[in-house]
Amino acid sequence: MKLRARHAAPATGPVRDALDVRTTELLPGMALRRALPHRDRPFVGPWVFLDHFGPTPDDAPAMDVPPHPHIGLQTVTWVVEGEMLHLDSLGSRQPIRPGQLNWMTAGRGIAHAELAPAGRRHGVQLWVALPEGARDVAPAFEHHAALPRLAHGPVDVIVVAGAHAGHTSPATTHSPLVALDLRPHGAAALPLDPAFEHAVVTLDGVVDVDGHGLAPGTLLYLGTGRSSLAVGGSGHALLIGGAPLGEDMLLWWNFVARTDAEIRAATAAWAERTLAGPVPGHEGPRLEAPPLP
Ligand code: MN
């Protein structure tokens, strides 16, 4: 059986599609909402994966995601509550706290592990697909302890990635994109790039987006062609956007690729321990790939 690539044609103008997000419980009381890839909207610009986890109970057990590989993408870790630790095959060892950004470029291959101590945690992990011209770049890891902050009236904004209203995130990007952390406590209009497609998820509370009361568990897809967006209510949300990829993408396990052969080669290289080196500082076994279809 061949793996099937997915194509996501962007909407040709502004839309407001409220898409239910599949929610699973990792452990009782520990919700995981996988907003992307969504059955009806696999990608938003280059954003191909979005997991919203938590908030967990205060007594949640420690977390250990063992070493596993990535290719063809960048991973983004954005913590709302709690603390996590990133380890990777480049030798990076980086704790991350709320308001900070871990931005890892897998390029042609990297392995990483993520750990968190017992206790409450809440956050988001996303993947950005690298465009054709950058998917084989050297692996890299960036930690940004501080990011640009601004306010549009009563809406506080952190520029996580890309540029917004004259403020630019230091995160290295390979295609036009944006990610904004939004904390409204009243209504305002946010400028947007009309060439991008956009979507919003709420992390906490109920955020009004283009007149839609958005709570956690829904992906609000906004289409293209918007030069501004009405945001209000009281809560915490994440807006993502970017230029449409214009490429069919194939996601399998932790890999983003274009072809079946590329996925099979990466899977074989991980099994043969040639895709990426070991992850220093992580005790215990790594993750093995599931069987290919
Ligand atoms: Mn990972």
# chains A, B, ... in the order shown; residues from 1 in each chain; ligands from 1
>>> residues_near_ligand(ligand="ligand 1", cutoff="7 Å", atoms="only C-alpha atoms and all ligand atoms", output="count of residues only")
7
>>> residues_around(residues="A:Pro184", least_positions_apart="6", cutoff="12 Å", atoms="only C-alpha atoms", output="ChimeraX atom specification")
/A:150-158,190,202,204-209,230-238
>>> write_last_selection(atoms="N, CA and C atoms", output="PDB file, in the first residue's frame")
ATOM      1  N   LEU A 150       3.314  43.344  22.184  1.00  0.00           N
ATOM      2  CA  LEU A 150       2.642  44.602  21.887  1.00  0.00           C
ATOM      3  C   LEU A 150       1.196  44.466  22.305  1.00  0.00           C
ATOM      4  N   ALA A 151       0.448  45.550  22.182  1.00  0.00           N
ATOM      5  CA  ALA A 151      -0.983  45.504  22.489  1.00  0.00           C
ATOM      6  C   ALA A 151      -1.738  46.288  21.430  1.00  0.00           C
ATOM      7  N   HIS A 152      -2.861  45.734  21.009  1.00  0.00           N
ATOM      8  CA  HIS A 152      -3.837  46.499  20.229  1.00  0.00           C
ATOM      9  C   HIS A 152      -4.964  46.809  21.209  1.00  0.00           C
ATOM     10  N   GLY A 153      -4.936  47.994  21.824  1.00  0.00           N
ATOM     11  CA  GLY A 153      -5.939  48.298  22.845  1.00  0.00           C
ATOM     12  C   GLY A 153      -5.941  47.228  23.914  1.00  0.00           C
ATOM     13  N   PRO A 154      -7.085  46.577  24.143  1.00  0.00           N
ATOM     14  CA  PRO A 154      -7.175  45.575  25.218  1.00  0.00           C
ATOM     15  C   PRO A 154      -6.755  44.163  24.792  1.00  0.00           C
ATOM     16  N   VAL A 155      -6.100  44.027  23.659  1.00  0.00           N
ATOM     17  CA  VAL A 155      -5.642  42.696  23.231  1.00  0.00           C
ATOM     18  C   VAL A 155      -4.109  42.645  23.297  1.00  0.00           C
ATOM     19  N   ASP A 156      -3.601  41.880  24.250  1.00  0.00           N
ATOM     20  CA  ASP A 156      -2.150  41.705  24.383  1.00  0.00           C
ATOM     21  C   ASP A 156      -1.678  40.647  23.407  1.00  0.00           C
ATOM     22  N   VAL A 157      -0.568  40.943  22.724  1.00  0.00           N
ATOM     23  CA  VAL A 157      -0.075  40.065  21.662  1.00  0.00           C
ATOM     24  C   VAL A 157       1.399  39.737  21.917  1.00  0.00           C
ATOM     25  N   ILE A 158       1.760  38.463  21.759  1.00  0.00           N
ATOM     26  CA  ILE A 158       3.160  38.051  21.686  1.00  0.00           C
ATOM     27  C   ILE A 158       3.394  37.525  20.274  1.00  0.00           C
ATOM     28  N   LEU A 190      -7.152  43.339  14.724  1.00  0.00           N
ATOM     29  CA  LEU A 190      -5.743  43.000  14.471  1.00  0.00           C
ATOM     30  C   LEU A 190      -5.470  43.062  12.984  1.00  0.00           C
ATOM     31  N   THR A 202      -8.524  28.444  20.698  1.00  0.00           N
ATOM     32  CA  THR A 202      -8.539  29.027  22.032  1.00  0.00           C
ATOM     33  C   THR A 202      -7.862  28.065  22.998  1.00  0.00           C
ATOM     34  N   ASP A 204      -7.667  28.973  26.454  1.00  0.00           N
ATOM     35  CA  ASP A 204      -8.339  29.146  27.746  1.00  0.00           C
ATOM     36  C   ASP A 204      -9.423  30.208  27.600  1.00  0.00           C
ATOM     37  N   GLY A 205     -10.568  29.992  28.246  1.00  0.00           N
ATOM     38  CA  GLY A 205     -11.649  30.974  28.204  1.00  0.00           C
ATOM     39  C   GLY A 205     -12.420  30.893  26.901  1.00  0.00           C
ATOM     40  N   VAL A 206     -13.122  31.961  26.592  1.00  0.00           N
ATOM     41  CA  VAL A 206     -13.857  32.066  25.335  1.00  0.00           C
ATOM     42  C   VAL A 206     -13.411  33.351  24.653  1.00  0.00           C
ATOM     43  N   VAL A 207     -12.841  33.216  23.470  1.00  0.00           N
ATOM     44  CA  VAL A 207     -12.323  34.358  22.728  1.00  0.00           C
ATOM     45  C   VAL A 207     -13.242  34.604  21.536  1.00  0.00           C
ATOM     46  N   ASP A 208     -13.671  35.850  21.367  1.00  0.00           N
ATOM     47  CA  ASP A 208     -14.492  36.198  20.204  1.00  0.00           C
ATOM     48  C   ASP A 208     -13.565  36.450  19.018  1.00  0.00           C
ATOM     49  N   VAL A 209     -13.784  35.693  17.943  1.00  0.00           N
ATOM     50  CA  VAL A 209     -12.969  35.835  16.737  1.00  0.00           C
ATOM     51  C   VAL A 209     -13.915  36.043  15.567  1.00  0.00           C
ATOM     52  N   ALA A 230     -11.363  40.923  13.816  1.00  0.00           N
ATOM     53  CA  ALA A 230     -11.953  41.376  15.079  1.00  0.00           C
ATOM     54  C   ALA A 230     -11.732  40.314  16.148  1.00  0.00           C
ATOM     55  N   VAL A 231     -11.079  40.707  17.248  1.00  0.00           N
ATOM     56  CA  VAL A 231     -10.809  39.800  18.367  1.00  0.00           C
ATOM     57  C   VAL A 231     -11.323  40.451  19.646  1.00  0.00           C
ATOM     58  N   GLY A 232     -11.985  39.665  20.489  1.00  0.00           N
ATOM     59  CA  GLY A 232     -12.488  40.207  21.751  1.00  0.00           C
ATOM     60  C   GLY A 232     -12.735  39.098  22.752  1.00  0.00           C
ATOM     61  N   GLY A 233     -13.581  39.404  23.719  1.00  0.00           N
ATOM     62  CA  GLY A 233     -13.852  38.431  24.764  1.00  0.00           C
ATOM     63  C   GLY A 233     -12.773  38.469  25.816  1.00  0.00           C
ATOM     64  N   SER A 234     -12.635  37.362  26.538  1.00  0.00           N
ATOM     65  CA  SER A 234     -11.673  37.308  27.629  1.00  0.00           C
ATOM     66  C   SER A 234     -11.108  35.900  27.679  1.00  0.00           C
ATOM     67  N   GLY A 235      -9.849  35.774  27.366  1.00  0.00           N
ATOM     68  CA  GLY A 235      -9.251  34.439  27.353  1.00  0.00           C
ATOM     69  C   GLY A 235      -7.882  34.479  26.732  1.00  0.00           C
ATOM     70  N   HIS A 236      -7.520  33.343  26.158  1.00  0.00           N
ATOM     71  CA  HIS A 236      -6.159  33.154  25.651  1.00  0.00           C
ATOM     72  C   HIS A 236      -6.265  32.310  24.394  1.00  0.00           C
ATOM     73  N   ALA A 237      -5.690  32.777  23.315  1.00  0.00           N
ATOM     74  CA  ALA A 237      -5.818  32.068  22.036  1.00  0.00           C
ATOM     75  C   ALA A 237      -4.494  32.093  21.293  1.00  0.00           C
ATOM     76  N   LEU A 238      -4.402  31.237  20.287  1.00  0.00           N
ATOM     77  CA  LEU A 238      -3.243  31.198  19.404  1.00  0.00           C
ATOM     78  C   LEU A 238      -3.739  31.332  17.973  1.00  0.00           C
TER      79      LEU A 238
END
>>> residues_around(residues="A:His144", least_positions_apart="4", cutoff="12 Å", atoms="only C-alpha atoms", output="PyMOL selection string")
chain A and resi 76-78+94-104+148+159-161+169-172
>>> write_last_selection(atoms="N, CA and C atoms", output="tab-separated table (two decimals), in the first residue's frame")
chain	number	residue	atom	x	y	z
A	76	VAL	N	7.63	23.36	17.11
A	76	VAL	CA	7.45	24.57	17.90
A	76	VAL	C	6.82	24.16	19.22
A	77	THR	N	7.49	24.48	20.31
A	77	THR	CA	6.92	24.23	21.63
A	77	THR	C	6.63	25.56	22.30
A	78	TRP	N	5.36	25.72	22.73
A	78	TRP	CA	4.88	26.96	23.35
A	78	TRP	C	4.17	26.56	24.63
A	94	GLN	N	17.68	22.18	26.93
A	94	GLN	CA	17.05	23.49	27.11
A	94	GLN	C	15.73	23.40	27.86
A	95	PRO	N	15.69	23.89	29.09
A	95	PRO	CA	14.39	24.03	29.76
A	95	PRO	C	13.58	25.14	29.08
A	96	ILE	N	12.28	25.00	29.10
A	96	ILE	CA	11.42	26.05	28.54
A	96	ILE	C	10.29	26.34	29.52
A	97	ARG	N	10.03	27.65	29.68
A	97	ARG	CA	9.01	28.13	30.62
A	97	ARG	C	8.01	28.99	29.85
A	98	PRO	N	6.87	29.28	30.46
A	98	PRO	CA	5.86	30.08	29.76
A	98	PRO	C	6.42	31.40	29.22
A	99	GLY	N	6.01	31.72	27.99
A	99	GLY	CA	6.47	32.95	27.34
A	99	GLY	C	7.73	32.76	26.53
A	100	GLN	N	8.34	31.57	26.62
A	100	GLN	CA	9.56	31.28	25.85
A	100	GLN	C	9.22	30.34	24.70
A	101	LEU	N	10.15	30.28	23.74
A	101	LEU	CA	9.89	29.52	22.51
A	101	LEU	C	11.03	28.54	22.26
A	102	ASN	N	10.68	27.26	22.08
A	102	ASN	CA	11.62	26.28	21.54
A	102	ASN	C	11.26	26.04	20.09
A	103	TRP	N	12.22	26.23	19.20
A	103	TRP	CA	11.98	26.21	17.75
A	103	TRP	C	13.07	25.34	17.14
A	104	MET	N	12.70	24.13	16.75
A	104	MET	CA	13.69	23.15	16.27
A	104	MET	C	13.47	22.89	14.78
A	148	PRO	N	8.87	39.48	20.97
A	148	PRO	CA	8.24	40.81	20.90
A	148	PRO	C	6.81	40.78	21.46
A	159	VAL	N	4.43	38.04	19.62
A	159	VAL	CA	4.74	37.59	18.26
A	159	VAL	C	5.64	36.36	18.39
A	160	VAL	N	5.03	35.18	18.31
A	160	VAL	CA	5.76	33.92	18.49
A	160	VAL	C	6.62	33.63	17.26
A	161	ALA	N	6.04	33.84	16.08
A	161	ALA	CA	6.79	33.58	14.84
A	161	ALA	C	6.30	34.53	13.77
A	169	SER	N	9.43	38.24	15.21
A	169	SER	CA	9.99	37.18	16.06
A	169	SER	C	11.37	36.79	15.55
A	170	PRO	N	12.29	36.44	16.45
A	170	PRO	CA	13.62	36.00	16.01
A	170	PRO	C	13.65	34.57	15.47
A	171	ALA	N	12.56	33.83	15.52
A	171	ALA	CA	12.57	32.43	15.07
A	171	ALA	C	12.86	32.36	13.57
A	172	THR	N	13.73	31.43	13.18
A	172	THR	CA	14.13	31.28	11.77
A	172	THR	C	13.03	30.59	10.99
>>> closest_residue(among="A:Ala179, A:Val256, A:Ala111, A:Ala187", to="A:Leu287", atoms="only C-alpha atoms")
A:Ala111
>>> closest_residue(among="A:Pro290, A:Pro285, A:Pro46, A:Pro55", to="A:Phe196", atoms="only C-alpha atoms")
A:Pro46
>>> decode(residues="stretch 122-162 of chain A", atoms="N, CA and C atoms", output="PDB file, in the first residue's frame")
ATOM      1  N   HIS A 122       0.505  22.864  30.572  1.00  0.00           N
ATOM      2  CA  HIS A 122      -0.472  23.314  29.569  1.00  0.00           C
ATOM      3  C   HIS A 122       0.329  23.956  28.447  1.00  0.00           C
ATOM      4  N   GLY A 123       0.043  23.570  27.222  1.00  0.00           N
ATOM      5  CA  GLY A 123       0.794  24.178  26.137  1.00  0.00           C
ATOM      6  C   GLY A 123       0.372  23.667  24.777  1.00  0.00           C
ATOM      7  N   VAL A 124       1.209  23.990  23.822  1.00  0.00           N
ATOM      8  CA  VAL A 124       0.926  23.677  22.431  1.00  0.00           C
ATOM      9  C   VAL A 124       2.208  23.182  21.779  1.00  0.00           C
ATOM     10  N   GLN A 125       2.060  22.137  20.942  1.00  0.00           N
ATOM     11  CA  GLN A 125       3.170  21.807  20.055  1.00  0.00           C
ATOM     12  C   GLN A 125       2.673  21.842  18.608  1.00  0.00           C
ATOM     13  N   LEU A 126       3.464  22.486  17.770  1.00  0.00           N
ATOM     14  CA  LEU A 126       3.100  22.622  16.361  1.00  0.00           C
ATOM     15  C   LEU A 126       4.259  22.164  15.478  1.00  0.00           C
ATOM     16  N   TRP A 127       3.910  21.827  14.246  1.00  0.00           N
ATOM     17  CA  TRP A 127       4.919  21.566  13.216  1.00  0.00           C
ATOM     18  C   TRP A 127       4.684  22.519  12.058  1.00  0.00           C
ATOM     19  N   VAL A 128       5.804  23.016  11.527  1.00  0.00           N
ATOM     20  CA  VAL A 128       5.795  23.802  10.294  1.00  0.00           C
ATOM     21  C   VAL A 128       6.452  22.947   9.215  1.00  0.00           C
ATOM     22  N   ALA A 129       5.774  22.715   8.098  1.00  0.00           N
ATOM     23  CA  ALA A 129       6.399  21.992   6.987  1.00  0.00           C
ATOM     24  C   ALA A 129       7.430  22.892   6.328  1.00  0.00           C
ATOM     25  N   LEU A 130       8.606  22.344   6.068  1.00  0.00           N
ATOM     26  CA  LEU A 130       9.615  23.114   5.327  1.00  0.00           C
ATOM     27  C   LEU A 130       9.282  23.047   3.838  1.00  0.00           C
ATOM     28  N   PRO A 131       9.421  24.166   3.132  1.00  0.00           N
ATOM     29  CA  PRO A 131       9.119  24.151   1.698  1.00  0.00           C
ATOM     30  C   PRO A 131      10.180  23.347   0.936  1.00  0.00           C
ATOM     31  N   GLU A 132       9.858  23.004  -0.289  1.00  0.00           N
ATOM     32  CA  GLU A 132      10.729  22.145  -1.112  1.00  0.00           C
ATOM     33  C   GLU A 132      12.197  22.589  -1.058  1.00  0.00           C
ATOM     34  N   GLY A 133      12.444  23.896  -1.160  1.00  0.00           N
ATOM     35  CA  GLY A 133      13.818  24.396  -1.223  1.00  0.00           C
ATOM     36  C   GLY A 133      14.570  24.342   0.090  1.00  0.00           C
ATOM     37  N   ALA A 134      13.899  24.031   1.202  1.00  0.00           N
ATOM     38  CA  ALA A 134      14.557  24.075   2.516  1.00  0.00           C
ATOM     39  C   ALA A 134      14.402  22.778   3.297  1.00  0.00           C
ATOM     40  N   ARG A 135      13.775  21.772   2.701  1.00  0.00           N
ATOM     41  CA  ARG A 135      13.472  20.599   3.519  1.00  0.00           C
ATOM     42  C   ARG A 135      14.693  19.777   3.869  1.00  0.00           C
ATOM     43  N   ASP A 136      15.810  19.986   3.139  1.00  0.00           N
ATOM     44  CA  ASP A 136      17.036  19.248   3.444  1.00  0.00           C
ATOM     45  C   ASP A 136      18.079  20.106   4.163  1.00  0.00           C
ATOM     46  N   VAL A 137      17.667  21.214   4.759  1.00  0.00           N
ATOM     47  CA  VAL A 137      18.635  22.065   5.471  1.00  0.00           C
ATOM     48  C   VAL A 137      19.193  21.311   6.674  1.00  0.00           C
ATOM     49  N   ALA A 138      20.320  21.811   7.190  1.00  0.00           N
ATOM     50  CA  ALA A 138      20.941  21.202   8.360  1.00  0.00           C
ATOM     51  C   ALA A 138      20.023  21.353   9.569  1.00  0.00           C
ATOM     52  N   PRO A 139      19.983  20.338  10.428  1.00  0.00           N
ATOM     53  CA  PRO A 139      19.179  20.457  11.646  1.00  0.00           C
ATOM     54  C   PRO A 139      19.716  21.563  12.555  1.00  0.00           C
ATOM     55  N   ALA A 140      18.817  22.200  13.295  1.00  0.00           N
ATOM     56  CA  ALA A 140      19.200  23.320  14.160  1.00  0.00           C
ATOM     57  C   ALA A 140      18.193  23.430  15.298  1.00  0.00           C
ATOM     58  N   PHE A 141      18.633  24.018  16.395  1.00  0.00           N
ATOM     59  CA  PHE A 141      17.722  24.254  17.520  1.00  0.00           C
ATOM     60  C   PHE A 141      17.897  25.682  18.014  1.00  0.00           C
ATOM     61  N   GLU A 142      16.790  26.366  18.236  1.00  0.00           N
ATOM     62  CA  GLU A 142      16.802  27.729  18.774  1.00  0.00           C
ATOM     63  C   GLU A 142      15.915  27.790  20.005  1.00  0.00           C
ATOM     64  N   HIS A 143      16.401  28.498  21.018  1.00  0.00           N
ATOM     65  CA  HIS A 143      15.563  28.848  22.173  1.00  0.00           C
ATOM     66  C   HIS A 143      15.498  30.366  22.231  1.00  0.00           C
ATOM     67  N   HIS A 144      14.301  30.896  22.318  1.00  0.00           N
ATOM     68  CA  HIS A 144      14.125  32.337  22.427  1.00  0.00           C
ATOM     69  C   HIS A 144      13.452  32.643  23.768  1.00  0.00           C
ATOM     70  N   ALA A 145      14.257  33.231  24.675  1.00  0.00           N
ATOM     71  CA  ALA A 145      13.775  33.469  26.040  1.00  0.00           C
ATOM     72  C   ALA A 145      12.806  34.635  26.099  1.00  0.00           C
ATOM     73  N   ALA A 146      12.876  35.519  25.105  1.00  0.00           N
ATOM     74  CA  ALA A 146      11.976  36.681  25.092  1.00  0.00           C
ATOM     75  C   ALA A 146      11.545  36.921  23.657  1.00  0.00           C
ATOM     76  N   LEU A 147      10.293  37.286  23.494  1.00  0.00           N
ATOM     77  CA  LEU A 147       9.716  37.525  22.172  1.00  0.00           C
ATOM     78  C   LEU A 147       9.059  38.893  22.156  1.00  0.00           C
ATOM     79  N   PRO A 148       8.873  39.483  20.972  1.00  0.00           N
ATOM     80  CA  PRO A 148       8.240  40.806  20.905  1.00  0.00           C
ATOM     81  C   PRO A 148       6.814  40.776  21.462  1.00  0.00           C
ATOM     82  N   ARG A 149       6.512  41.810  22.249  1.00  0.00           N
ATOM     83  CA  ARG A 149       5.164  41.950  22.825  1.00  0.00           C
ATOM     84  C   ARG A 149       4.606  43.305  22.444  1.00  0.00           C
ATOM     85  N   LEU A 150       3.314  43.344  22.184  1.00  0.00           N
ATOM     86  CA  LEU A 150       2.642  44.602  21.887  1.00  0.00           C
ATOM     87  C   LEU A 150       1.196  44.466  22.305  1.00  0.00           C
ATOM     88  N   ALA A 151       0.448  45.550  22.182  1.00  0.00           N
ATOM     89  CA  ALA A 151      -0.983  45.504  22.489  1.00  0.00           C
ATOM     90  C   ALA A 151      -1.738  46.288  21.430  1.00  0.00           C
ATOM     91  N   HIS A 152      -2.861  45.734  21.009  1.00  0.00           N
ATOM     92  CA  HIS A 152      -3.837  46.499  20.229  1.00  0.00           C
ATOM     93  C   HIS A 152      -4.964  46.809  21.209  1.00  0.00           C
ATOM     94  N   GLY A 153      -4.936  47.994  21.824  1.00  0.00           N
ATOM     95  CA  GLY A 153      -5.939  48.298  22.845  1.00  0.00           C
ATOM     96  C   GLY A 153      -5.941  47.228  23.914  1.00  0.00           C
ATOM     97  N   PRO A 154      -7.085  46.577  24.143  1.00  0.00           N
ATOM     98  CA  PRO A 154      -7.175  45.575  25.218  1.00  0.00           C
ATOM     99  C   PRO A 154      -6.755  44.163  24.792  1.00  0.00           C
ATOM    100  N   VAL A 155      -6.100  44.027  23.659  1.00  0.00           N
ATOM    101  CA  VAL A 155      -5.642  42.696  23.231  1.00  0.00           C
ATOM    102  C   VAL A 155      -4.109  42.645  23.297  1.00  0.00           C
ATOM    103  N   ASP A 156      -3.601  41.880  24.250  1.00  0.00           N
ATOM    104  CA  ASP A 156      -2.150  41.705  24.383  1.00  0.00           C
ATOM    105  C   ASP A 156      -1.678  40.647  23.407  1.00  0.00           C
ATOM    106  N   VAL A 157      -0.568  40.943  22.724  1.00  0.00           N
ATOM    107  CA  VAL A 157      -0.075  40.065  21.662  1.00  0.00           C
ATOM    108  C   VAL A 157       1.399  39.737  21.917  1.00  0.00           C
ATOM    109  N   ILE A 158       1.760  38.463  21.759  1.00  0.00           N
ATOM    110  CA  ILE A 158       3.160  38.051  21.686  1.00  0.00           C
ATOM    111  C   ILE A 158       3.394  37.525  20.274  1.00  0.00           C
ATOM    112  N   VAL A 159       4.428  38.040  19.617  1.00  0.00           N
ATOM    113  CA  VAL A 159       4.742  37.593  18.257  1.00  0.00           C
ATOM    114  C   VAL A 159       5.638  36.356  18.386  1.00  0.00           C
ATOM    115  N   VAL A 160       5.027  35.182  18.312  1.00  0.00           N
ATOM    116  CA  VAL A 160       5.756  33.920  18.492  1.00  0.00           C
ATOM    117  C   VAL A 160       6.616  33.634  17.265  1.00  0.00           C
ATOM    118  N   ALA A 161       6.045  33.841  16.083  1.00  0.00           N
ATOM    119  CA  ALA A 161       6.787  33.578  14.842  1.00  0.00           C
ATOM    120  C   ALA A 161       6.299  34.531  13.769  1.00  0.00           C
ATOM    121  N   GLY A 162       7.216  34.884  12.858  1.00  0.00           N
ATOM    122  CA  GLY A 162       6.861  35.792  11.782  1.00  0.00           C
ATOM    123  C   GLY A 162       6.825  37.239  12.263  1.00  0.00           C
TER     124      GLY A 162
END
